>>> print(open('model_34.cif').read())   # mmCIF, C-alpha atoms and all ligand atoms
data_query
loop_
_atom_site.label_atom_id
_atom_site.label_comp_id
_atom_site.auth_asym_id
_atom_site.auth_seq_id
_atom_site.Cartn_x
_atom_site.Cartn_y
_atom_site.Cartn_z
CA MET S 1 26.83 0.11 -10.16
CA GLU S 2 24.46 -2.36 -8.48
CA GLU S 3 26.64 -2.10 -5.38
CA MET S 4 25.57 1.55 -4.93
CA LYS S 5 23.65 1.70 -1.67
CA ARG S 6 19.87 1.87 -1.77
CA ASP S 7 18.94 4.72 0.53
CA LEU S 8 15.63 4.09 2.32
CA LEU S 9 14.42 7.68 2.03
CA ASN S 10 15.92 8.32 -1.38
CA PRO S 11 16.19 5.08 -3.38
CA PHE S 12 15.58 6.99 -6.63
CA PRO S 13 19.23 7.54 -7.71
CA TRP S 14 19.79 3.77 -7.29
CA TYR S 15 16.77 2.98 -9.47
CA LYS S 16 17.96 5.44 -12.10
CA ALA S 17 21.39 3.85 -12.19
CA MET S 18 19.84 0.38 -12.47
CA ARG S 19 17.42 1.42 -15.24
CA THR S 20 20.44 2.53 -17.22
CA SER S 21 23.07 -0.08 -16.36
CA LYS S 22 21.21 -3.25 -15.34
CA PRO S 23 17.46 -2.97 -16.02
CA VAL S 24 17.00 -6.72 -15.39
CA PHE S 25 19.36 -7.93 -12.73
CA ARG S 26 19.78 -10.99 -10.49
CA ASP S 27 21.30 -10.07 -7.16
CA SER S 28 23.88 -12.54 -5.92
CA GLU S 29 22.92 -12.34 -2.23
CA TYR S 30 19.27 -13.46 -2.41
CA GLY S 31 19.02 -14.63 -6.02
CA LEU S 32 16.09 -12.28 -6.70
CA TRP S 33 15.49 -10.98 -10.22
CA ASN S 34 15.03 -7.22 -10.06
CA VAL S 35 13.24 -5.38 -12.87
CA PHE S 36 13.45 -1.59 -13.12
CA ARG S 37 12.02 -0.18 -16.38
CA TYR S 38 8.37 0.89 -16.67
CA GLU S 39 7.32 -1.41 -19.54
CA ASP S 40 9.10 -4.43 -18.01
CA VAL S 41 7.62 -3.78 -14.56
CA LYS S 42 4.15 -3.54 -16.09
CA ARG S 43 4.66 -6.81 -17.95
CA VAL S 44 5.81 -8.72 -14.86
CA LEU S 45 2.94 -7.31 -12.77
CA SER S 46 0.16 -7.92 -15.26
CA ASN S 47 1.08 -11.02 -17.28
CA PHE S 48 -0.22 -13.67 -14.90
CA LYS S 49 0.32 -16.45 -17.45
CA GLU S 50 4.06 -15.77 -17.35
CA PHE S 51 4.46 -14.52 -13.79
CA SER S 52 2.54 -16.12 -10.95
CA SER S 53 1.46 -14.43 -7.74
CA GLN S 54 1.70 -17.73 -5.88
CA PHE S 55 5.06 -16.87 -4.41
CA GLY S 56 3.86 -17.02 -0.80
CA LYS S 57 4.93 -20.64 -0.41
CA ALA S 58 8.41 -19.81 -1.75
CA PHE S 59 8.94 -17.81 1.45
CA ASN S 60 6.80 -19.88 3.77
CA PRO S 61 6.56 -23.50 2.54
CA ALA S 62 4.07 -24.42 5.26
CA GLY S 63 1.63 -21.93 3.74
CA GLY S 64 -0.78 -19.97 5.88
CA PRO S 65 -3.74 -17.62 5.50
CA ILE S 66 -1.84 -15.00 3.47
CA SER S 67 -0.77 -17.64 0.91
CA GLU S 68 -4.50 -18.37 0.44
CA SER S 69 -5.50 -14.73 -0.06
CA ILE S 70 -6.17 -13.11 -3.44
CA ILE S 71 -2.88 -11.24 -3.55
CA ASN S 72 -1.12 -14.63 -3.62
CA LEU S 73 -3.48 -16.43 -6.01
CA ASP S 74 -3.71 -16.80 -9.80
CA PRO S 75 -6.88 -17.27 -11.88
CA PRO S 76 -9.31 -18.94 -11.80
CA ARG S 77 -9.42 -18.97 -7.95
CA HIS S 78 -8.20 -15.37 -7.78
CA THR S 79 -11.04 -14.09 -9.97
CA LYS S 80 -13.71 -15.93 -8.00
CA LEU S 81 -12.49 -14.80 -4.58
CA ARG S 82 -11.90 -11.20 -5.68
CA ASN S 83 -15.49 -11.02 -6.96
CA ILE S 84 -16.80 -11.66 -3.46
CA VAL S 85 -15.62 -8.31 -2.15
CA SER S 86 -15.08 -6.23 -5.27
CA ARG S 87 -18.52 -4.61 -5.02
CA ALA S 88 -17.75 -3.27 -1.54
CA PHE S 89 -14.72 -1.41 -2.92
CA THR S 90 -16.06 0.27 -6.09
CA PRO S 91 -15.82 4.09 -6.14
CA ARG S 92 -19.62 4.28 -5.66
CA SER S 93 -19.69 1.99 -2.64
CA VAL S 94 -16.69 3.65 -1.11
CA GLU S 95 -18.23 7.13 -1.52
CA LYS S 96 -20.76 6.12 1.11
CA MET S 97 -17.89 6.06 3.59
CA GLU S 98 -17.17 9.76 3.03
CA PRO S 99 -19.04 11.17 6.07
CA ALA S 100 -17.53 8.52 8.35
CA ILE S 101 -14.01 9.23 7.05
CA ARG S 102 -14.49 12.97 7.50
CA GLU S 103 -15.67 12.44 11.06
CA ILE S 104 -12.64 10.26 11.87
CA CYS S 105 -10.30 12.93 10.43
CA GLU S 106 -12.00 15.73 12.36
CA ASN S 107 -11.93 13.76 15.60
CA LEU S 108 -8.24 12.99 15.22
CA LEU S 109 -7.48 16.68 14.69
CA SER S 110 -9.82 17.91 17.42
CA VAL S 111 -7.28 17.11 20.16
CA HIS S 112 -5.52 20.31 21.24
CA ARG S 113 -1.87 20.32 20.22
CA ASP S 114 0.74 22.95 20.91
CA GLY S 115 1.84 23.79 17.41
CA LYS S 116 4.01 20.73 16.85
CA PHE S 117 3.24 17.01 16.65
CA ASP S 118 4.15 13.71 15.00
CA ILE S 119 1.52 13.55 12.29
CA VAL S 120 2.14 9.84 11.56
CA LYS S 121 1.38 8.80 15.12
CA GLU S 122 -1.55 11.15 15.63
CA TYR S 123 -3.24 11.34 12.24
CA THR S 124 -2.05 9.43 9.18
CA SER S 125 -1.61 6.14 11.00
CA PRO S 126 -4.87 5.86 13.01
CA LEU S 127 -7.04 6.98 10.07
CA PRO S 128 -6.88 3.98 7.68
CA VAL S 129 -6.90 1.38 10.44
CA THR S 130 -10.09 2.93 11.84
CA VAL S 131 -11.73 2.98 8.39
CA ILE S 132 -10.98 -0.65 7.47
CA ALA S 133 -11.87 -1.90 10.94
CA THR S 134 -15.25 -0.16 10.55
CA MET S 135 -15.80 -1.85 7.18
CA LEU S 136 -14.81 -5.28 8.50
CA GLY S 137 -17.02 -4.77 11.53
CA ILE S 138 -14.35 -4.74 14.20
CA PRO S 139 -14.76 -2.91 17.51
CA VAL S 140 -12.91 0.39 17.78
CA LYS S 141 -11.41 -0.73 21.08
CA ASP S 142 -9.24 -3.27 19.23
CA MET S 143 -7.64 -0.64 16.99
CA ASN S 144 -4.21 -0.63 18.65
CA LYS S 145 -3.94 -4.38 18.33
CA PHE S 146 -4.82 -4.06 14.66
CA LYS S 147 -2.23 -1.44 13.99
CA ARG S 148 0.47 -3.55 15.64
CA TRP S 149 -0.44 -6.59 13.53
CA SER S 150 -0.56 -4.69 10.29
CA ASP S 151 2.77 -2.94 10.96
CA ASN S 152 4.38 -6.30 11.53
CA VAL S 153 3.02 -8.05 8.45
CA VAL S 154 4.04 -5.33 5.98
CA GLY S 155 7.15 -4.27 7.93
CA GLY S 156 9.75 -6.25 6.01
CA SER S 157 12.55 -5.87 8.60
CA GLU S 158 14.47 -8.61 10.46
CA SER S 159 12.65 -7.98 13.75
CA ASN S 160 9.30 -8.11 11.95
CA TYR S 161 10.18 -11.54 10.55
CA ALA S 162 11.14 -12.82 14.01
CA GLU S 163 7.82 -11.73 15.53
CA PHE S 164 5.70 -12.80 12.56
CA PRO S 165 4.66 -16.32 13.72
CA ALA S 166 3.41 -15.06 17.09
CA ILE S 167 1.54 -12.16 15.45
CA MET S 168 -0.04 -14.52 12.92
CA LYS S 169 -1.23 -16.81 15.71
CA GLU S 170 -2.78 -13.88 17.56
CA MET S 171 -4.55 -12.64 14.41
CA ILE S 172 -5.92 -16.08 13.57
CA GLU S 173 -7.31 -16.57 17.08
CA TYR S 174 -8.89 -13.13 16.99
CA PHE S 175 -10.60 -13.58 13.61
CA ARG S 176 -11.77 -17.11 14.50
CA LYS S 177 -13.66 -15.57 17.40
CA MET S 178 -15.14 -12.94 15.10
CA MET S 179 -16.27 -15.66 12.66
CA VAL S 180 -18.00 -17.65 15.39
CA GLU S 181 -19.82 -14.51 16.54
CA ARG S 182 -21.01 -13.75 12.97
CA GLU S 183 -22.14 -17.34 12.42
CA LYS S 184 -24.42 -16.99 15.45
CA GLU S 185 -25.48 -13.47 14.58
CA PRO S 186 -24.82 -12.15 11.04
CA ARG S 187 -24.13 -8.42 10.69
CA ASP S 188 -23.93 -5.88 7.88
CA ASP S 189 -20.15 -6.03 7.60
CA LEU S 190 -17.38 -7.53 5.44
CA ILE S 191 -16.62 -10.40 7.83
CA THR S 192 -20.21 -11.63 7.51
CA ALA S 193 -20.16 -11.11 3.70
CA ILE S 194 -17.00 -13.21 3.38
CA ILE S 195 -18.10 -16.12 5.59
CA ASN S 196 -21.50 -16.26 3.86
CA ALA S 197 -20.09 -16.09 0.31
CA GLU S 198 -20.28 -19.14 -1.94
CA VAL S 199 -17.86 -19.95 -4.74
CA ASP S 200 -18.88 -22.81 -7.06
CA GLY S 201 -21.47 -23.84 -4.48
CA ASP S 202 -19.03 -23.98 -1.55
CA HIS S 203 -18.17 -21.60 1.24
CA LEU S 204 -14.56 -20.46 1.51
CA SER S 205 -12.32 -22.65 3.63
CA GLU S 206 -11.47 -21.29 7.05
CA LEU S 207 -7.94 -20.54 5.87
CA GLU S 208 -9.24 -18.62 2.84
CA SER S 209 -11.59 -16.54 4.98
CA LEU S 210 -8.80 -15.78 7.44
CA GLY S 211 -6.54 -14.86 4.53
CA PHE S 212 -9.12 -12.40 3.27
CA PHE S 213 -9.58 -10.68 6.64
CA ILE S 214 -5.86 -10.43 7.22
CA LEU S 215 -5.18 -9.11 3.72
CA LEU S 216 -7.90 -6.47 3.99
CA LEU S 217 -6.59 -5.46 7.36
CA VAL S 218 -2.96 -5.10 6.39
CA ALA S 219 -3.04 -4.09 2.70
CA GLY S 220 -4.58 -0.69 3.22
CA ASN S 221 -3.05 0.57 6.44
CA GLU S 222 0.61 1.30 6.06
CA THR S 223 0.06 2.16 2.38
CA THR S 224 -2.61 4.81 2.98
CA THR S 225 -0.73 6.19 5.99
CA ASN S 226 2.29 6.58 3.74
CA LEU S 227 0.31 8.19 0.95
CA ILE S 228 -0.80 10.99 3.29
CA SER S 229 2.54 11.49 5.06
CA ASN S 230 4.43 11.31 1.75
CA SER S 231 2.07 14.02 0.42
CA LEU S 232 3.08 16.34 3.24
CA LEU S 233 6.75 15.69 2.54
CA CYS S 234 6.31 16.40 -1.18
CA PHE S 235 4.32 19.58 -0.52
CA ASP S 236 6.85 20.83 2.00
CA GLU S 237 9.66 20.39 -0.50
CA ASN S 238 7.56 22.24 -3.09
CA PRO S 239 5.91 25.04 -1.10
CA GLY S 240 4.11 26.36 -4.21
CA THR S 241 1.98 23.20 -4.19
CA MET S 242 0.63 23.79 -0.71
CA ASN S 243 -0.51 27.30 -1.72
CA GLU S 244 -1.98 26.00 -4.97
CA ILE S 245 -4.11 23.30 -3.38
CA ARG S 246 -5.11 25.58 -0.52
CA SER S 247 -6.53 28.12 -2.96
CA ASP S 248 -8.17 25.44 -5.12
CA LYS S 249 -9.07 22.27 -3.21
CA GLY S 250 -10.24 20.76 -6.49
CA LEU S 251 -6.54 20.19 -7.26
CA ILE S 252 -6.07 17.77 -4.35
CA PRO S 253 -6.87 14.60 -6.36
CA ARG S 254 -4.24 15.54 -8.98
CA ALA S 255 -1.72 16.29 -6.28
CA ILE S 256 -2.41 12.86 -4.77
CA GLU S 257 -1.79 11.16 -8.14
CA GLU S 258 1.57 12.91 -8.39
CA VAL S 259 2.51 11.82 -4.85
CA LEU S 260 1.56 8.25 -5.80
CA ARG S 261 3.96 8.48 -8.74
CA TYR S 262 6.75 10.44 -7.10
CA ARG S 263 6.86 8.69 -3.73
CA SER S 264 4.97 5.44 -4.36
CA PRO S 265 3.79 3.89 -1.07
CA VAL S 266 4.47 0.41 -2.49
CA GLN S 267 7.91 0.31 -4.08
CA SER S 268 8.20 -3.37 -4.96
CA ILE S 269 6.11 -6.51 -5.43
CA TYR S 270 6.96 -10.21 -5.89
CA ARG S 271 6.12 -12.66 -8.65
CA VAL S 272 7.46 -16.07 -9.76
CA ALA S 273 8.44 -16.82 -13.38
CA ILE S 274 6.36 -19.81 -14.49
CA ASN S 275 8.51 -20.82 -17.49
CA ASP S 276 11.93 -19.87 -18.83
CA THR S 277 11.52 -16.42 -20.32
CA GLU S 278 13.38 -13.36 -21.51
CA ILE S 279 13.04 -9.78 -20.38
CA ASN S 280 14.78 -7.03 -22.29
CA GLY S 281 17.18 -9.56 -23.82
CA VAL S 282 18.06 -11.17 -20.45
CA LYS S 283 17.22 -14.86 -19.98
CA VAL S 284 15.26 -15.56 -16.79
CA PRO S 285 14.85 -19.23 -15.75
CA ALA S 286 11.56 -20.81 -14.65
CA GLY S 287 11.02 -20.58 -10.89
CA SER S 288 12.88 -17.26 -10.54
CA ILE S 289 11.52 -14.90 -7.91
CA MET S 290 10.91 -11.57 -9.61
CA VAL S 291 10.93 -8.15 -7.99
CA PRO S 292 9.28 -5.59 -10.26
CA TRP S 293 10.18 -2.16 -8.81
CA ILE S 294 7.08 0.06 -9.03
CA GLY S 295 9.02 2.91 -7.41
CA SER S 296 11.50 2.81 -10.28
CA ALA S 297 8.89 2.41 -13.05
CA ASN S 298 7.16 5.55 -11.80
CA ARG S 299 10.40 7.53 -12.23
CA ASP S 300 11.18 6.16 -15.70
CA GLU S 301 12.13 9.20 -17.75
CA SER S 302 11.14 7.50 -21.02
CA ILE S 303 7.52 7.62 -19.80
CA PHE S 304 7.45 10.65 -17.47
CA PRO S 305 9.25 13.73 -18.80
CA ASP S 306 11.35 15.36 -16.07
CA ALA S 307 10.54 12.33 -13.91
CA ASP S 308 12.47 13.53 -10.86
CA SER S 309 10.42 16.74 -10.61
CA PHE S 310 7.29 16.79 -8.49
CA ASP S 311 4.65 18.48 -10.65
CA ILE S 312 0.95 18.26 -9.87
CA ASN S 313 0.16 19.77 -13.28
CA ARG S 314 1.84 16.92 -15.16
CA LYS S 315 -0.10 16.37 -18.41
CA GLU S 316 -0.24 12.61 -18.41
CA ASN S 317 0.32 10.61 -15.26
CA ARG S 318 0.18 6.90 -16.10
CA HIS S 319 1.74 5.83 -12.81
CA ILE S 320 1.40 2.23 -11.66
CA ALA S 321 1.45 2.89 -7.92
CA PHE S 322 -1.64 0.66 -7.51
CA GLY S 323 -0.20 -2.09 -9.70
CA GLU S 324 -1.44 -3.23 -13.09
CA GLY S 325 -3.77 -5.94 -14.42
CA ILE S 326 -5.88 -8.43 -12.48
CA HIS S 327 -4.25 -7.67 -9.11
CA TYR S 328 -4.76 -3.90 -9.49
CA CYS S 329 -5.30 -2.58 -5.99
CA LEU S 330 -8.79 -3.36 -4.78
CA GLY S 331 -8.60 -0.50 -2.30
CA ALA S 332 -7.48 2.24 -4.75
CA PRO S 333 -10.78 4.19 -4.64
CA LEU S 334 -10.80 3.99 -0.84
CA ALA S 335 -7.15 5.09 -0.54
CA ARG S 336 -7.76 8.03 -2.89
CA LEU S 337 -10.84 9.09 -0.92
CA GLU S 338 -9.07 8.82 2.43
CA GLY S 339 -6.11 10.77 1.08
CA LYS S 340 -8.35 13.53 -0.28
CA ILE S 341 -10.41 13.91 2.89
CA ALA S 342 -7.33 13.74 5.13
CA LEU S 343 -5.66 16.58 3.22
CA GLU S 344 -8.85 18.67 2.98
CA THR S 345 -9.44 18.36 6.72
CA LEU S 346 -5.83 19.35 7.49
CA LEU S 347 -6.04 22.43 5.24
CA GLU S 348 -9.37 23.44 6.81
CA LYS S 349 -8.03 23.09 10.33
CA TYR S 350 -4.65 24.84 9.94
CA HIS S 351 -3.53 28.00 8.07
CA MET S 352 0.02 26.76 7.95
CA ILE S 353 1.53 23.26 7.95
CA THR S 354 5.29 22.81 7.60
CA ILE S 355 7.64 19.99 8.43
CA ASP S 356 9.82 20.58 11.47
CA ARG S 357 13.24 20.07 9.94
CA ASN S 358 14.86 20.04 13.41
CA SER S 359 13.09 16.78 14.24
CA PRO S 360 14.11 13.49 12.64
CA ILE S 361 12.31 12.37 9.48
CA VAL S 362 12.42 8.61 10.02
CA PRO S 363 11.90 6.38 6.97
CA GLN S 364 10.27 2.98 7.21
CA ASP S 365 12.72 0.13 7.32
CA SER S 366 11.43 -1.77 4.29
CA THR S 367 12.15 -2.31 0.62
CA ILE S 368 8.47 -3.01 -0.07
CA VAL S 369 6.57 -0.12 1.50
CA TYR S 370 7.92 3.40 1.33
CA GLY S 371 7.06 6.06 3.85
CA LEU S 372 7.78 7.61 7.19
CA LYS S 373 7.73 6.13 10.67
CA GLU S 374 7.89 9.61 12.18
CA LEU S 375 7.19 13.06 10.72
CA THR S 376 6.94 16.10 12.97
CA VAL S 377 4.89 18.97 11.59
CA LYS S 378 4.51 22.55 12.82
CA VAL S 379 1.00 23.89 12.51
CA SER S 380 -0.75 27.18 13.19
C1 LIG S 401 -2.13 4.38 -1.24
C2 LIG S 401 -2.57 3.24 -0.79
C3 LIG S 401 -2.38 1.92 -1.47
C4 LIG S 401 -1.42 1.52 -2.36
C5 LIG S 401 -0.26 2.34 -2.93
C6 LIG S 401 -1.70 0.14 -2.70
C7 LIG S 401 -0.95 -0.60 -3.60
C8 LIG S 401 -1.31 -1.86 -4.05
C9 LIG S 401 -0.61 -2.58 -5.08
C10 LIG S 401 0.63 -2.10 -5.82
C11 LIG S 401 -1.27 -3.75 -5.28
C12 LIG S 401 -0.94 -4.83 -6.33
C13 LIG S 401 -0.29 -6.05 -5.75
C14 LIG S 401 0.14 -7.06 -6.81
O1 LIG S 401 0.11 -6.78 -8.01
O2 LIG S 401 0.54 -8.17 -6.41
C15 LIG S 401 -2.36 -3.79 -4.34
C16 LIG S 401 -3.26 -4.85 -4.20
C17 LIG S 401 -4.24 -4.88 -3.25
N1 LIG S 401 -4.63 -3.86 -2.41
FE1 LIG S 401 -3.78 -2.02 -2.28
N2 LIG S 401 -2.81 -0.27 -2.01
C18 LIG S 401 -3.27 0.79 -1.25
C19 LIG S 401 -4.38 0.80 -0.44
C20 LIG S 401 -5.24 -0.25 -0.25
C21 LIG S 401 -6.42 -0.24 0.57
C22 LIG S 401 -6.96 0.98 1.32
C23 LIG S 401 -6.95 -1.50 0.53
C24 LIG S 401 -8.18 -2.08 1.19
C25 LIG S 401 -8.66 -1.78 2.28
C26 LIG S 401 -6.12 -2.29 -0.34
C27 LIG S 401 -6.34 -3.61 -0.64
C28 LIG S 401 -5.66 -4.32 -1.62
C29 LIG S 401 -5.96 -5.70 -1.97
C30 LIG S 401 -7.03 -6.58 -1.34
C31 LIG S 401 -5.07 -6.05 -2.99
C32 LIG S 401 -4.98 -7.40 -3.71
C33 LIG S 401 -5.76 -7.35 -4.98
C34 LIG S 401 -5.61 -8.62 -5.81
O3 LIG S 401 -4.68 -9.39 -5.61
O4 LIG S 401 -6.49 -8.84 -6.67
N3 LIG S 401 -5.09 -1.51 -0.80
N4 LIG S 401 -2.38 -2.62 -3.62
#
>>> encode(input="model_34.cif", output="structure tokens", more="lines below")
Ligand code: HEM
Amino acid sequence: MEEMKRDLLNPFPWYKAMRTSKPVFRDSEYGLWNVFRYEDVKRVLSNFKEFSSQFGKAFNPAGGPISESIINLDPPRHTKLRNIVSRAFTPRSVEKMEPAIREICENLLSVHRDGKFDIVKEYTSPLPVTVIATMLGIPVKDMNKFKRWSDNVVGGSESNYAEFPAIMKEMIEYFRKMMVEREKEPRDDLITAIINAEVDGDHLSELESLGFFILLLVAGNETTTNLISNSLLCFDENPGTMNEIRSDKGLIPRAIEEVLRYRSPVQSIYRVAINDTEINGVKVPAGSIMVPWIGSANRDESIFPDADSFDINRKENRHIAFGEGIHYCLGAPLARLEGKIALETLLEKYHMITIDRNSPIVPQDSTIVYGLKELTVKVS
């Protein structure tokens, strides 16, 4: 059954088959240990004493800024570095961004369009990159560069891997310049906060600071873009939802939670098994690279009744789209806020929004992030 093809736009039948037939499975091609059931995925994601996040060097032995960033670190260093920025990302801090986010959404939609446009290119993609660049303190004129970098780093395709070293070099040079500027003249932005931070009496190393900037830049772009575009796809398939949220905008946050479950923007994550262990009766040796499939866990029918139905009125929605445990997504409140404002602004601007089924719906070429490269909508 494992040979059944994983369809990029619809991987869910494959997950279902794997949850039933091989819930913990080592693939022979890459030697990765795939985990599919909700409770097992949660355990691998959250139990940092058993499963390390320091897998970066397994893929890139030379290391690099991303290997030094919190997403690739275990405690105690992880805890200390995460604390530096966690205050900037609490729901209360993020709420202050609301007017700026609304303005960005309105500006993006203010361009006159003739009833049909690619909403990824024109709306869902520029929004998060503009927001995080504002928080980091990066000039708006560099936005296109940023988008290109972030697409490459999270892309996960062969061509992305080939371009990666050159992109990394470009990013490092860019952020080095930004750091020098802030050292001369501090500003009220995240770059300044990170270079001024002290952990155990020391500043972060240059590589750690670079890792932080790059992580913040890339972690929230593609993911938030996908959350918004995936919402439109879910609503279009379930036209009742669009009417429901249009007549009661207070339902938008619940609808977003169901999109996060049903079409999770991050489908898979990596960990490394620290010791020999056992998952669901299967022995997993120390050093194994684990792939807990969030996208599968969120469709596990033992946790979510009628898991393959999209239902914004679901009673309990314990999805793990933002992960679980100490690495739980730092940007979750920001992503939720951006998603809510983006959908509200769309509904205010247009009476009708449907997907143009005559245009291609192009999925992203990745097993890690899930979403659309292109989505043409018809609006009136
Ligand atoms: C819908 C949008 C998003 C989704 C689905 C998402 C998903 C995730 C997931 C699953 C993790 C856990 C990784 C792990 O366990 O190894 C994570 C971590 C992280 N996310 Fe997000 N993310 C989103 C948006 C954002 C945004 C907007 C930002 C910031 C601007 C952000 C910043 C981060 C950071 C810094 C981490 C690492 C946290 C740590 O290791 O302690 N994310 N995200």
>>> atom_distance(input="model_34.cif", atom1="CA of Val369 (chain S)", atom2="CA of Val266 (chain S)")
4.5 Å
>>> residues_around(input="model_34.cif", residues="Asp151 (chain S)", least_positions_apart="4", cutoff="9 Å", atoms="only C-alpha atoms", output="number ranges by chain")
S: 146-147, 155, 160, 218, 221-222
>>> closest_residue(input="model_34.cif", among="S:Ala166, S:Ile194, S:Leu73, S:Leu251", to="Ser209 (chain S)", atoms="only C-alpha atoms")
S:Ile194
>>> residues_near_ligand(input="model_34.cif", ligand="ligand LIG 401 (chain S)", cutoff="8 Å", atoms="all atoms listed in the file", output="number ranges by chain")
S: 45-46, 53, 69-73, 78-79, 82, 89, 128, 132, 212, 215-227, 260, 264-271, 294, 320-336, 339
>>> write_last_selection(input="model_34.cif", atoms="C-alpha atoms", output="JSON list (two decimals), in the coordinates of the input")
[["chain", "number", "residue", "atom", "x", "y", "z"],
["S", 45, "LEU", "CA", 2.94, -7.31, -12.77],
["S", 46, "SER", "CA", 0.16, -7.92, -15.26],
["S", 53, "SER", "CA", 1.46, -14.43, -7.74],
["S", 69, "SER", "CA", -5.50, -14.73, -0.06],
["S", 70, "ILE", "CA", -6.17, -13.11, -3.44],
["S", 71, "ILE", "CA", -2.88, -11.24, -3.55],
["S", 72, "ASN", "CA", -1.12, -14.63, -3.62],
["S", 73, "LEU", "CA", -3.48, -16.43, -6.01],
["S", 78, "HIS", "CA", -8.20, -15.37, -7.78],
["S", 79, "THR", "CA", -11.04, -14.09, -9.97],
["S", 82, "ARG", "CA", -11.90, -11.20, -5.68],
["S", 89, "PHE", "CA", -14.72, -1.41, -2.92],
["S", 128, "PRO", "CA", -6.88, 3.98, 7.68],
["S", 132, "ILE", "CA", -10.98, -0.65, 7.47],
["S", 212, "PHE", "CA", -9.12, -12.40, 3.27],
["S", 215, "LEU", "CA", -5.18, -9.11, 3.72],
["S", 216, "LEU", "CA", -7.90, -6.47, 3.99],
["S", 217, "LEU", "CA", -6.59, -5.46, 7.36],
["S", 218, "VAL", "CA", -2.96, -5.10, 6.39],
["S", 219, "ALA", "CA", -3.04, -4.09, 2.70],
["S", 220, "GLY", "CA", -4.58, -0.69, 3.22],
["S", 221, "ASN", "CA", -3.05, 0.57, 6.44],
["S", 222, "GLU", "CA", 0.61, 1.30, 6.06],
["S", 223, "THR", "CA", 0.06, 2.16, 2.38],
["S", 224, "THR", "CA", -2.61, 4.81, 2.98],
["S", 225, "THR", "CA", -0.73, 6.19, 5.99],
["S", 226, "ASN", "CA", 2.29, 6.58, 3.74],
["S", 227, "LEU", "CA", 0.31, 8.19, 0.95],
["S", 260, "LEU", "CA", 1.56, 8.25, -5.80],
["S", 264, "SER", "CA", 4.97, 5.44, -4.36],
["S", 265, "PRO", "CA", 3.79, 3.89, -1.07],
["S", 266, "VAL", "CA", 4.47, 0.41, -2.49],
["S", 267, "GLN", "CA", 7.91, 0.31, -4.08],
["S", 268, "SER", "CA", 8.20, -3.37, -4.96],
["S", 269, "ILE", "CA", 6.11, -6.51, -5.43],
["S", 270, "TYR", "CA", 6.96, -10.21, -5.89],
["S", 271, "ARG", "CA", 6.12, -12.66, -8.65],
["S", 294, "ILE", "CA", 7.08, 0.06, -9.03],
["S", 320, "ILE", "CA", 1.40, 2.23, -11.66],
["S", 321, "ALA", "CA", 1.45, 2.89, -7.92],
["S", 322, "PHE", "CA", -1.64, 0.66, -7.51],
["S", 323, "GLY", "CA", -0.20, -2.09, -9.70],
["S", 324, "GLU", "CA", -1.44, -3.23, -13.09],
["S", 325, "GLY", "CA", -3.77, -5.94, -14.42],
["S", 326, "ILE", "CA", -5.88, -8.43, -12.48],
["S", 327, "HIS", "CA", -4.25, -7.67, -9.11],
["S", 328, "TYR", "CA", -4.76, -3.90, -9.49],
["S", 329, "CYS", "CA", -5.30, -2.58, -5.99],
["S", 330, "LEU", "CA", -8.79, -3.36, -4.78],
["S", 331, "GLY", "CA", -8.60, -0.50, -2.30],
["S", 332, "ALA", "CA", -7.48, 2.24, -4.75],
["S", 333, "PRO", "CA", -10.78, 4.19, -4.64],
["S", 334, "LEU", "CA", -10.80, 3.99, -0.84],
["S", 335, "ALA", "CA", -7.15, 5.09, -0.54],
["S", 336, "ARG", "CA", -7.76, 8.03, -2.89],
["S", 339, "GLY", "CA", -6.11, 10.77, 1.08]]
>>> atom_distance(input="model_34.cif", atom1="CA of Glu344 (chain S)", atom2="CA of His319 (chain S)")
22.9 Å
>>> atom_distance(input="model_34.cif", atom1="CA of Val44 (chain S)", atom2="CA of Val94 (chain S)")
29.1 Å
>>> residues_around(input="model_34.cif", residues="Lys184 (chain S)", least_positions_apart="5", cutoff="12 Å", atoms="all atoms listed in the file", output="PyMOL selection string")
chain S and resi 177-179+192+195-196
>>> closest_residue(input="model_34.cif", among="S:Glu198, S:Asp356, S:Asp365, S:Glu338", to="Met97 (chain S)", atoms="all atoms listed in the file")
S:Glu338
>>> closest_residue(input="model_34.cif", among="S:Met290, S:Ile361, S:Leu375, S:Leu347", to="Asn243 (chain S)", atoms="all atoms listed in the file")
S:Leu347
>>> axis_aligned_box(input="model_34.cif", around="region 322-333 of chain S", padding_each_side="8 Å", output="JSON")
{"center_x": -5.5, "center_y": -2.1, "center_z": -8.4, "size_x": 26.6, "size_y": 28.6, "size_z": 28.1}
>>> residues_around(input="model_34.cif", residues="Ser359 (chain S)", least_positions_apart="2", cutoff="10 Å", atoms="only C-alpha atoms", output="CSV table (one decimal) with C-alpha atoms, keeping the file's coordinate frame")
chain,number,residue,atom,x,y,z
S,118,ASP,CA,4.2,13.7,15.0
S,355,ILE,CA,7.6,20.0,8.4
S,356,ASP,CA,9.8,20.6,11.5
S,357,ARG,CA,13.2,20.1,9.9
S,361,ILE,CA,12.3,12.4,9.5
S,362,VAL,CA,12.4,8.6,10.0
S,374,GLU,CA,7.9,9.6,12.2
S,375,LEU,CA,7.2,13.1,10.7
S,376,THR,CA,6.9,16.1,13.0
S,377,VAL,CA,4.9,19.0,11.6
>>> residues_around(input="model_34.cif", residues="Ile138 (chain S)", least_positions_apart="3", cutoff="12 Å", atoms="all atoms listed in the file", output="NGL selection string")
:S and (129-135 or 141-146 or 174-175 or 177-179 or 181-182 or 187-192 or 213 or 217)
>>> residues_around(input="model_34.cif", residues="Glu106 (chain S)", least_positions_apart="2", cutoff="9 Å", atoms="all atoms listed in the file", output="PyMOL selection string")
chain S and resi 101-104+108-110+342+345-346+349
